[in-house]
There are 2 protein chains.
Amino acid sequence: MQIEIINTGSELMLGRVLNTHQQWLCRQLADLGFIVTRQIAISDEGAAIQNAVRESLGRADLIITTGGLGPTSDDITRDLIAKLLEKKLELNSEVLRRIENFFAERKRRMPESTKVQAMVPEGATVLQNENGTAPGLVMEVNPPVAPRKDRTFLIMLPGPPRELHPMFLQQVIPLLGKHFPQPDNFVCRILKTTGLGESFVEEKLSSDVKNFAGKGIEIGYCARVGEVELRISARGSGAGEKIADAEKSIRASLGTHIFGTENDSLEAIVVRLLTERKQTLALAESCTGGFISNRITNVPGASAVFLNGIISYSNEAKQKLLGVRTETLSQSGAVSQPVAREMAEGARAGSKTDYALAVTGIAGPDGGTEGKPVGTVWIALATQSETVAQHHIFRYDRETFKFVTSQEALDLLRQTILR
Amino acid sequence: MQIEIINTGSELMLGRVLNTHQQWLCRQLADLGFIVTRQIAISDEGAAIQNAVRESLGRADLIITTGGLGPTSDDITRDLIAKLLEKKLELNSEVLRRIENFFAERKRRMPESTKVQAMVPEGATVLQNENGTAPGLVMEVNPPVAPRKDRTFLIMLPGPPRELHPMFLQQVIPLLGKHFPQPDNFVCRILKTTGLGESFVEEKLSSDVKNFAGKGIEIGYCARVGEVELRISARGSGAGEKIADAEKSIRASLGTHIFGTENDSLEAIVVRLLTERKQTLALAESCTGGFISNRITNVPGASAVFLNGIISYSNEAKQKLLGVRTETLSQSGAVSQPVAREMAEGARAGSKTDYALAVTGIAGPDGGTEGKPVGTVWIALATQSETVAQHHIFRYDRETFKFVTSQEALDLLRQTILR
């Protein structure tokens, strides 16, 4: 089955925004067994849109377009597609009523231009928009316009994500199930690892992977700095069982380097582990400047386990707020094992938590010396029984440095909790 | 001039990664006056890649592909394109020498598979890879294979951003200047605003915009939560002057709501203003959980102006680390104007900074009450002369709530510094 996505928007072609629709729609469709075969982005220009749709009609069984359904002058997708398919636009009174309601409920005057969104190509099915005014549209296109065997479905969705997402989930998915009842059975499983480079992950899995190849199990690696994602996939009957077996064998090879699956984040796993154990955490951050606290507090429910964080950017803050000793700072310097340990121990003592994690380092681009180059970092973790410290040199840009450092620190905490 | 980008990668079609190459390349090209006319993403499959390249050769003057040049089995772009163009692959000894050096410098054994990257289609120009092993390739394709008037340039770039970015900037840009010396003169200017919704920005600019239309000046809005970006663009001779005039008139209408241009971030502007004035900042964050500190410390040089941040997630931390009084907490609750003020004043007194910014609120999804619903936030700013406080209700998901709150807080600080 050939599936194509067409994203319209001049801002995409000028590189002013990231095309998040592609990833979101591809992911949603893949999870249902529909693998997108081509994605196309074009600007909001008549010829570009018509050419792209015409060409896709020559290839695809399903085409999903995004954008260009709104009320403003650059919203031209609906008109262009209607013309291309030689369909008249007709006023749909149900859509108009909904648009009028939308404004009435918000006690706002309805601009005249808004009405154009109630114009629907003849024969099109309307997807109501619960979060905006532009409805989605579904058209069945038959030969010779769409030369696929029977028909091609053309689904037009509005551009704003908060309108597109619920419309896709609530209305497009049931529609796909009705018209394309048996997509290829495709099962995909993501395992997320940290603490190992991509080549080490591959090495540890080499015998597993040889084994998988004969069984039709594909394995893919997506390496980010500080994290390697494994993608295990298989198609056809028995795919689910194959994936489950493969996961078991990969878990045996990688052990606790696997911190989660699918959309798990390391911070969510840490908050879950602490919550389950009714344990608490304090943070003392220097070079990461609040990034670890921010990750932890992104997790709903973090307030039950995270009591406080101290961002001690200055030496005075390290002394006053964390009790780091003046002698330690003057003898070892702010970026040193003794200071990291005193930060962690000071944070734990001050907040009476089970764990306190501390980081001090040189994020750069300036501030490095020969003995302590940019990228130097000390991570310390204080627990009831001991304080451990790690040394790393992470040579990256400032934001990547913060991410990698936070990743190592959170993983040290995770591995310690699990011990 | 027709320009197409072809991104290869099965992970794109499975929705497992965002296609950042599209935005980056489109942006770089647009800044040079080259507007990409179509972008296509396809999986790492032979037929998909060859079909896409063949079709693009029928339309484009310039084609840029990304990905598929590496050493592993799913890196098939080089081979497929060579076959499509009926060019033999030849071992390039200079490339091989560089690959061997790459491993020798890192004291690593060179895997045999790596050598395939030194195979170059006959007639191709090599773009050396300073940050990896796969070279980029440039081929001039002539009619009848590429039916454009004279020739189509096909540029193949490696997938990893840290290899692709410098290769594009250092080698592709000069090449474009040589072969396409006169792109359409296109000038684009971005003005970034905060503190006004999109419709208010439009309203304030309505007379400007009418004026622009007659002069061939286009204006675009990109609204994000907490930030509206204005895009002013024009083409042809005199475009630069037109844009400068338009910017002047927009600045007169929007005043200090414009916080920056192009890639400026609000935090970078705040750090710059503080640095220029030799002033210092402390932060006391509750509901934003370190997000504001993280934004500030993302700016190189922030350590000169940012002394410390306290993330007082618990009431105990508010009392102990910021001196918030027990009575204030019990009488008004943690999310209240008096607590926000005491947090800011306590942070400023404790760290002896010029400014201290404090936020307390309910990020959700739980924790709201009838009187203080989820999304309630108090922001306070303590200065030498006074403490001001703001109340907002931001009904968003947790991470958006943090962003919008940080945006309002940083803008309050910026407007106060500028006063």
# chains A, B, ... in the order shown; residues from 1 in each chain; ligands from 1
call {"tool": "residues_around", "arguments": {"residues": "A:Tyr396", "least_positions_apart": "4", "cutoff": "10 Å", "atoms": "only C-alpha atoms", "output": "PyMOL selection string"}}
result
chain A and resi 225+363-365+374-375+400-404
call {"tool": "interface_residues", "arguments": {"of": "chain B", "to": "chain A", "cutoff": "7 Å", "atoms": "only C-alpha atoms", "output": "mmCIF file with N, CA, C and O atoms, in the first residue's frame"}}
result
data_model
loop_
_atom_site.group_PDB
_atom_site.id
_atom_site.type_symbol
_atom_site.label_atom_id
_atom_site.label_comp_id
_atom_site.auth_asym_id
_atom_site.auth_seq_id
_atom_site.Cartn_x
_atom_site.Cartn_y
_atom_site.Cartn_z
ATOM 1 N N LEU B 12 12.787 8.161 9.380
ATOM 2 C CA LEU B 12 11.896 9.293 9.111
ATOM 3 C C LEU B 12 10.488 8.800 8.806
ATOM 4 O O LEU B 12 9.498 9.357 9.288
ATOM 5 N N MET B 13 10.391 7.757 7.980
ATOM 6 C CA MET B 13 9.079 7.287 7.541
ATOM 7 C C MET B 13 8.350 6.525 8.655
ATOM 8 O O MET B 13 7.142 6.350 8.600
ATOM 9 N N LEU B 14 9.117 6.044 9.631
ATOM 10 C CA LEU B 14 8.482 5.387 10.774
ATOM 11 C C LEU B 14 8.137 6.411 11.853
ATOM 12 O O LEU B 14 7.598 6.071 12.903
ATOM 13 N N GLY B 15 8.491 7.685 11.608
ATOM 14 C CA GLY B 15 8.151 8.739 12.573
ATOM 15 C C GLY B 15 8.961 8.658 13.847
ATOM 16 O O GLY B 15 8.515 9.088 14.902
ATOM 17 N N ARG B 16 10.180 8.086 13.745
ATOM 18 C CA ARG B 16 10.974 7.918 14.963
ATOM 19 C C ARG B 16 11.904 9.103 15.203
ATOM 20 O O ARG B 16 12.432 9.253 16.287
ATOM 21 N N VAL B 17 12.160 9.895 14.200
ATOM 22 C CA VAL B 17 12.980 11.100 14.401
ATOM 23 C C VAL B 17 12.357 12.263 13.632
ATOM 24 O O VAL B 17 11.641 12.067 12.660
ATOM 25 N N LEU B 18 12.656 13.453 14.112
ATOM 26 C CA LEU B 18 12.237 14.676 13.427
ATOM 27 C C LEU B 18 13.224 14.943 12.293
ATOM 28 O O LEU B 18 14.422 14.750 12.457
ATOM 29 N N THR B 20 15.222 17.292 10.957
ATOM 30 C CA THR B 20 15.786 18.632 11.182
ATOM 31 C C THR B 20 16.579 19.111 9.974
ATOM 32 O O THR B 20 16.790 20.298 9.812
ATOM 33 N N GLN B 23 14.574 21.699 7.771
ATOM 34 C CA GLN B 23 14.550 23.085 8.220
ATOM 35 C C GLN B 23 15.919 23.738 8.065
ATOM 36 O O GLN B 23 16.039 24.849 7.571
ATOM 37 N N TRP B 24 16.963 23.016 8.472
ATOM 38 C CA TRP B 24 18.302 23.614 8.460
ATOM 39 C C TRP B 24 18.722 23.982 7.044
ATOM 40 O O TRP B 24 19.159 25.103 6.780
ATOM 41 N N CYS B 26 16.796 24.304 4.285
ATOM 42 C CA CYS B 26 15.902 25.313 3.700
ATOM 43 C C CYS B 26 16.277 26.700 4.207
ATOM 44 O O CYS B 26 16.304 27.671 3.452
ATOM 45 N N ARG B 27 16.566 26.792 5.503
ATOM 46 C CA ARG B 27 16.897 28.082 6.092
ATOM 47 C C ARG B 27 18.204 28.633 5.531
ATOM 48 O O ARG B 27 18.303 29.805 5.143
ATOM 49 N N ALA B 30 17.604 29.649 1.895
ATOM 50 C CA ALA B 30 16.770 30.853 1.767
ATOM 51 C C ALA B 30 17.580 32.106 2.091
ATOM 52 O O ALA B 30 17.436 33.140 1.437
ATOM 53 N N ILE B 35 15.341 29.556 -2.781
ATOM 54 C CA ILE B 35 14.161 29.033 -2.087
ATOM 55 C C ILE B 35 13.889 27.612 -2.567
ATOM 56 O O ILE B 35 13.701 27.376 -3.763
ATOM 57 N N VAL B 36 13.879 26.681 -1.610
ATOM 58 C CA VAL B 36 13.629 25.278 -1.957
ATOM 59 C C VAL B 36 12.189 25.144 -2.451
ATOM 60 O O VAL B 36 11.266 25.680 -1.845
ATOM 61 N N THR B 37 12.007 24.472 -3.582
ATOM 62 C CA THR B 37 10.658 24.357 -4.146
ATOM 63 C C THR B 37 9.955 23.067 -3.730
ATOM 64 O O THR B 37 8.744 23.002 -3.746
ATOM 65 N N ARG B 38 10.731 22.051 -3.387
ATOM 66 C CA ARG B 38 10.093 20.819 -2.919
ATOM 67 C C ARG B 38 11.060 20.047 -2.033
ATOM 68 O O ARG B 38 12.255 20.023 -2.302
ATOM 69 N N GLN B 39 10.523 19.460 -0.987
ATOM 70 C CA GLN B 39 11.312 18.572 -0.139
ATOM 71 C C GLN B 39 10.609 17.244 -0.092
ATOM 72 O O GLN B 39 9.377 17.179 -0.003
ATOM 73 N N ILE B 40 11.390 16.183 -0.176
ATOM 74 C CA ILE B 40 10.833 14.830 -0.237
ATOM 75 C C ILE B 40 11.565 13.952 0.769
ATOM 76 O O ILE B 40 12.792 14.021 0.864
ATOM 77 N N ALA B 41 10.836 13.158 1.500
ATOM 78 C CA ALA B 41 11.475 12.178 2.379
ATOM 79 C C ALA B 41 11.010 10.786 1.970
ATOM 80 O O ALA B 41 9.830 10.584 1.659
ATOM 81 N N ILE B 42 11.947 9.858 1.948
ATOM 82 C CA ILE B 42 11.653 8.480 1.565
ATOM 83 C C ILE B 42 12.473 7.541 2.426
ATOM 84 O O ILE B 42 13.439 7.954 3.064
ATOM 85 N N SER B 43 12.089 6.266 2.439
ATOM 86 C CA SER B 43 12.829 5.301 3.251
ATOM 87 C C SER B 43 14.068 4.826 2.501
ATOM 88 O O SER B 43 14.239 5.100 1.317
ATOM 89 N N GLY B 289 10.385 24.965 38.093
ATOM 90 C CA GLY B 289 11.290 23.855 38.417
ATOM 91 C C GLY B 289 12.681 23.909 37.804
ATOM 92 O O GLY B 289 13.257 22.856 37.515
ATOM 93 N N GLY B 290 13.236 25.094 37.608
ATOM 94 C CA GLY B 290 14.593 25.185 37.069
ATOM 95 C C GLY B 290 14.634 25.577 35.601
ATOM 96 O O GLY B 290 15.705 25.776 35.036
ATOM 97 N N PHE B 291 13.460 25.693 34.987
ATOM 98 C CA PHE B 291 13.422 25.983 33.552
ATOM 99 C C PHE B 291 13.977 27.372 33.231
ATOM 100 O O PHE B 291 14.687 27.553 32.238
ATOM 101 N N SER B 293 16.179 29.108 35.084
ATOM 102 C CA SER B 293 17.627 29.030 35.302
ATOM 103 C C SER B 293 18.296 28.338 34.121
ATOM 104 O O SER B 293 19.352 28.760 33.651
ATOM 105 N N ASN B 294 17.666 27.275 33.638
ATOM 106 C CA ASN B 294 18.232 26.549 32.512
ATOM 107 C C ASN B 294 18.317 27.431 31.276
ATOM 108 O O ASN B 294 19.327 27.436 30.582
ATOM 109 N N THR B 297 21.143 29.946 31.816
ATOM 110 C CA THR B 297 22.486 29.352 31.773
ATOM 111 C C THR B 297 22.796 28.692 30.430
ATOM 112 O O THR B 297 23.905 28.226 30.221
ATOM 113 N N ASN B 298 21.834 28.661 29.515
ATOM 114 C CA ASN B 298 22.147 28.233 28.148
ATOM 115 C C ASN B 298 22.953 29.296 27.402
ATOM 116 O O ASN B 298 23.554 29.011 26.371
ATOM 117 N N PRO B 300 26.002 31.527 26.702
ATOM 118 C CA PRO B 300 27.414 31.621 27.073
ATOM 119 C C PRO B 300 27.681 32.953 27.783
ATOM 120 O O PRO B 300 27.171 33.993 27.372
ATOM 121 N N SER B 303 27.391 33.212 33.476
ATOM 122 C CA SER B 303 27.939 33.156 34.841
ATOM 123 C C SER B 303 28.367 34.529 35.355
ATOM 124 O O SER B 303 28.480 34.722 36.557
ATOM 125 N N LEU B 307 23.938 34.599 39.540
ATOM 126 C CA LEU B 307 24.705 34.100 40.683
ATOM 127 C C LEU B 307 24.162 32.782 41.217
ATOM 128 O O LEU B 307 24.912 31.859 41.480
ATOM 129 N N ASN B 308 22.856 32.693 41.389
ATOM 130 C CA ASN B 308 22.308 31.423 41.835
ATOM 131 C C ASN B 308 20.810 31.345 41.627
ATOM 132 O O ASN B 308 20.137 32.360 41.448
ATOM 133 N N GLY B 309 20.317 30.119 41.632
ATOM 134 C CA GLY B 309 18.890 29.877 41.520
ATOM 135 C C GLY B 309 18.489 28.914 42.615
ATOM 136 O O GLY B 309 19.275 28.043 42.993
ATOM 137 N N ILE B 310 17.295 29.107 43.131
ATOM 138 C CA ILE B 310 16.811 28.165 44.141
ATOM 139 C C ILE B 310 15.496 27.604 43.644
ATOM 140 O O ILE B 310 14.587 28.358 43.287
ATOM 141 N N ILE B 311 15.445 26.282 43.574
ATOM 142 C CA ILE B 311 14.216 25.637 43.146
ATOM 143 C C ILE B 311 13.537 25.123 44.390
ATOM 144 O O ILE B 311 13.903 24.083 44.940
ATOM 145 N N SER B 312 12.566 25.897 44.860
ATOM 146 C CA SER B 312 11.941 25.600 46.145
ATOM 147 C C SER B 312 10.630 24.896 45.878
ATOM 148 O O SER B 312 9.568 25.485 45.888
ATOM 149 N N TYR B 313 10.744 23.593 45.594
ATOM 150 C CA TYR B 313 9.545 22.824 45.275
ATOM 151 C C TYR B 313 8.726 22.581 46.541
ATOM 152 O O TYR B 313 7.512 22.563 46.489
ATOM 153 N N SER B 314 9.385 22.400 47.674
ATOM 154 C CA SER B 314 8.646 22.137 48.924
ATOM 155 C C SER B 314 8.488 23.427 49.727
ATOM 156 O O SER B 314 9.246 24.378 49.554
ATOM 157 N N ALA B 317 11.583 24.253 51.712
ATOM 158 C CA ALA B 317 12.650 24.930 50.964
ATOM 159 C C ALA B 317 12.351 26.420 50.844
ATOM 160 O O ALA B 317 13.253 27.255 50.932
ATOM 161 N N PRO B 365 -0.682 18.263 35.984
ATOM 162 C CA PRO B 365 -2.121 18.204 35.744
ATOM 163 C C PRO B 365 -2.961 18.180 37.034
ATOM 164 O O PRO B 365 -4.136 18.478 36.975
ATOM 165 N N ARG B 398 1.956 20.668 31.032
ATOM 166 C CA ARG B 398 3.000 21.026 31.987
ATOM 167 C C ARG B 398 4.197 21.758 31.359
ATOM 168 O O ARG B 398 4.644 22.781 31.850
ATOM 169 N N GLU B 399 4.703 21.224 30.264
ATOM 170 C CA GLU B 399 5.905 21.829 29.686
ATOM 171 C C GLU B 399 5.606 23.181 29.040
ATOM 172 O O GLU B 399 6.408 24.105 29.134
#
call {"tool": "calpha_fit_rmsd", "arguments": {"fixed": "chain A", "moving": "chain B"}}
result
0.3 Å
call {"tool": "closest_residue", "arguments": {"among": "B:Ile63, B:Leu410, B:Leu80, B:Leu69", "to": "B:Ala268", "atoms": "only C-alpha atoms"}}
result
B:Leu410
call {"tool": "select_by_dssp", "arguments": {"residues": "stretch 135-366 of chain B", "states": "alpha helix (DSSP H)", "output": "number ranges by chain"}}
result
B: 161-167, 173-179, 198-213, 239-254, 266-277, 291-297, 315-322, 326-332, 337-351
call {"tool": "select_by_dssp", "arguments": {"residues": "stretch 87-334 of chain B", "states": "strand (DSSP E or B)", "output": "PyMOL selection string"}}
result
chain B and resi 89-91+119-121+125-127+136-141+152-157+186-193+218-224+227-235+258-261+281-285+306-312
call {"tool": "residues_around", "arguments": {"residues": "B:Val172", "least_positions_apart": "5", "cutoff": "9 Å", "atoms": "only C-alpha atoms", "output": "number ranges by chain"}}
result
B: 127, 155, 167, 177
call {"tool": "residues_around", "arguments": {"residues": "B:Phe168", "least_positions_apart": "3", "cutoff": "12 Å", "atoms": "only C-alpha atoms", "output": "number ranges by chain"}}
result
B: 21, 24-26, 28-29, 64-66, 127-130, 135-138, 155-159, 161-165, 171-176
call {"tool": "write_last_selection", "arguments": {"atoms": "C-alpha atoms", "output": "compact mmCIF listing (two decimals), in the first residue's frame"}}
result
# COMPACT_ATOMS: atom_id res chain seq x y z
CA HIS B 21 17.76 18.59 7.91
CA TRP B 24 18.30 23.61 8.46
CA LEU B 25 19.00 23.32 4.73
CA CYS B 26 15.90 25.31 3.70
CA GLN B 28 20.53 28.19 4.95
CA LEU B 29 19.49 28.20 1.29
CA ILE B 64 20.45 17.95 -2.49
CA THR B 65 20.18 14.50 -0.94
CA THR B 66 20.93 13.70 2.69
CA LEU B 127 33.40 17.11 -0.72
CA GLN B 128 35.85 16.14 2.02
CA ASN B 129 34.33 15.25 5.38
CA GLU B 130 36.23 16.97 8.20
CA PRO B 135 32.61 12.24 1.80
CA GLY B 136 29.92 14.31 0.10
CA LEU B 137 29.56 13.97 -3.67
CA VAL B 138 28.65 16.45 -6.40
CA ILE B 155 24.74 17.14 -4.31
CA MET B 156 24.85 14.18 -1.92
CA LEU B 157 25.52 14.97 1.72
CA PRO B 158 26.08 12.62 4.68
CA GLY B 159 23.29 12.26 7.26
CA PRO B 161 24.23 16.88 11.31
CA ARG B 162 27.74 17.47 12.66
CA GLU B 163 29.15 16.23 9.34
CA LEU B 164 26.52 17.78 7.08
CA HIS B 165 26.48 21.29 8.60
CA GLN B 171 32.09 23.54 0.64
CA VAL B 172 28.53 23.63 -0.76
CA ILE B 173 27.94 27.37 -0.38
CA PRO B 174 31.05 28.35 -2.42
CA LEU B 175 30.02 25.80 -5.05
CA LEU B 176 26.54 27.30 -5.33
call {"tool": "closest_residue", "arguments": {"among": "B:Pro338, B:Ile379, B:Gly9, B:Pro181", "to": "B:Ala356", "atoms": "only C-alpha atoms"}}
result
B:Ile379
call {"tool": "atom_distance", "arguments": {"atom1": "atom CA of B:Arg395", "atom2": "atom CA of B:Thr193"}}
result
20.8 Å
call {"tool": "residues_around", "arguments": {"residues": "stretch 322-327 of chain B", "least_positions_apart": "5", "cutoff": "6 Å", "atoms": "only C-alpha atoms", "output": "list of chain:residue names"}}
result
B:Glu342, B:Met343, B:Gly346, B:Ala347
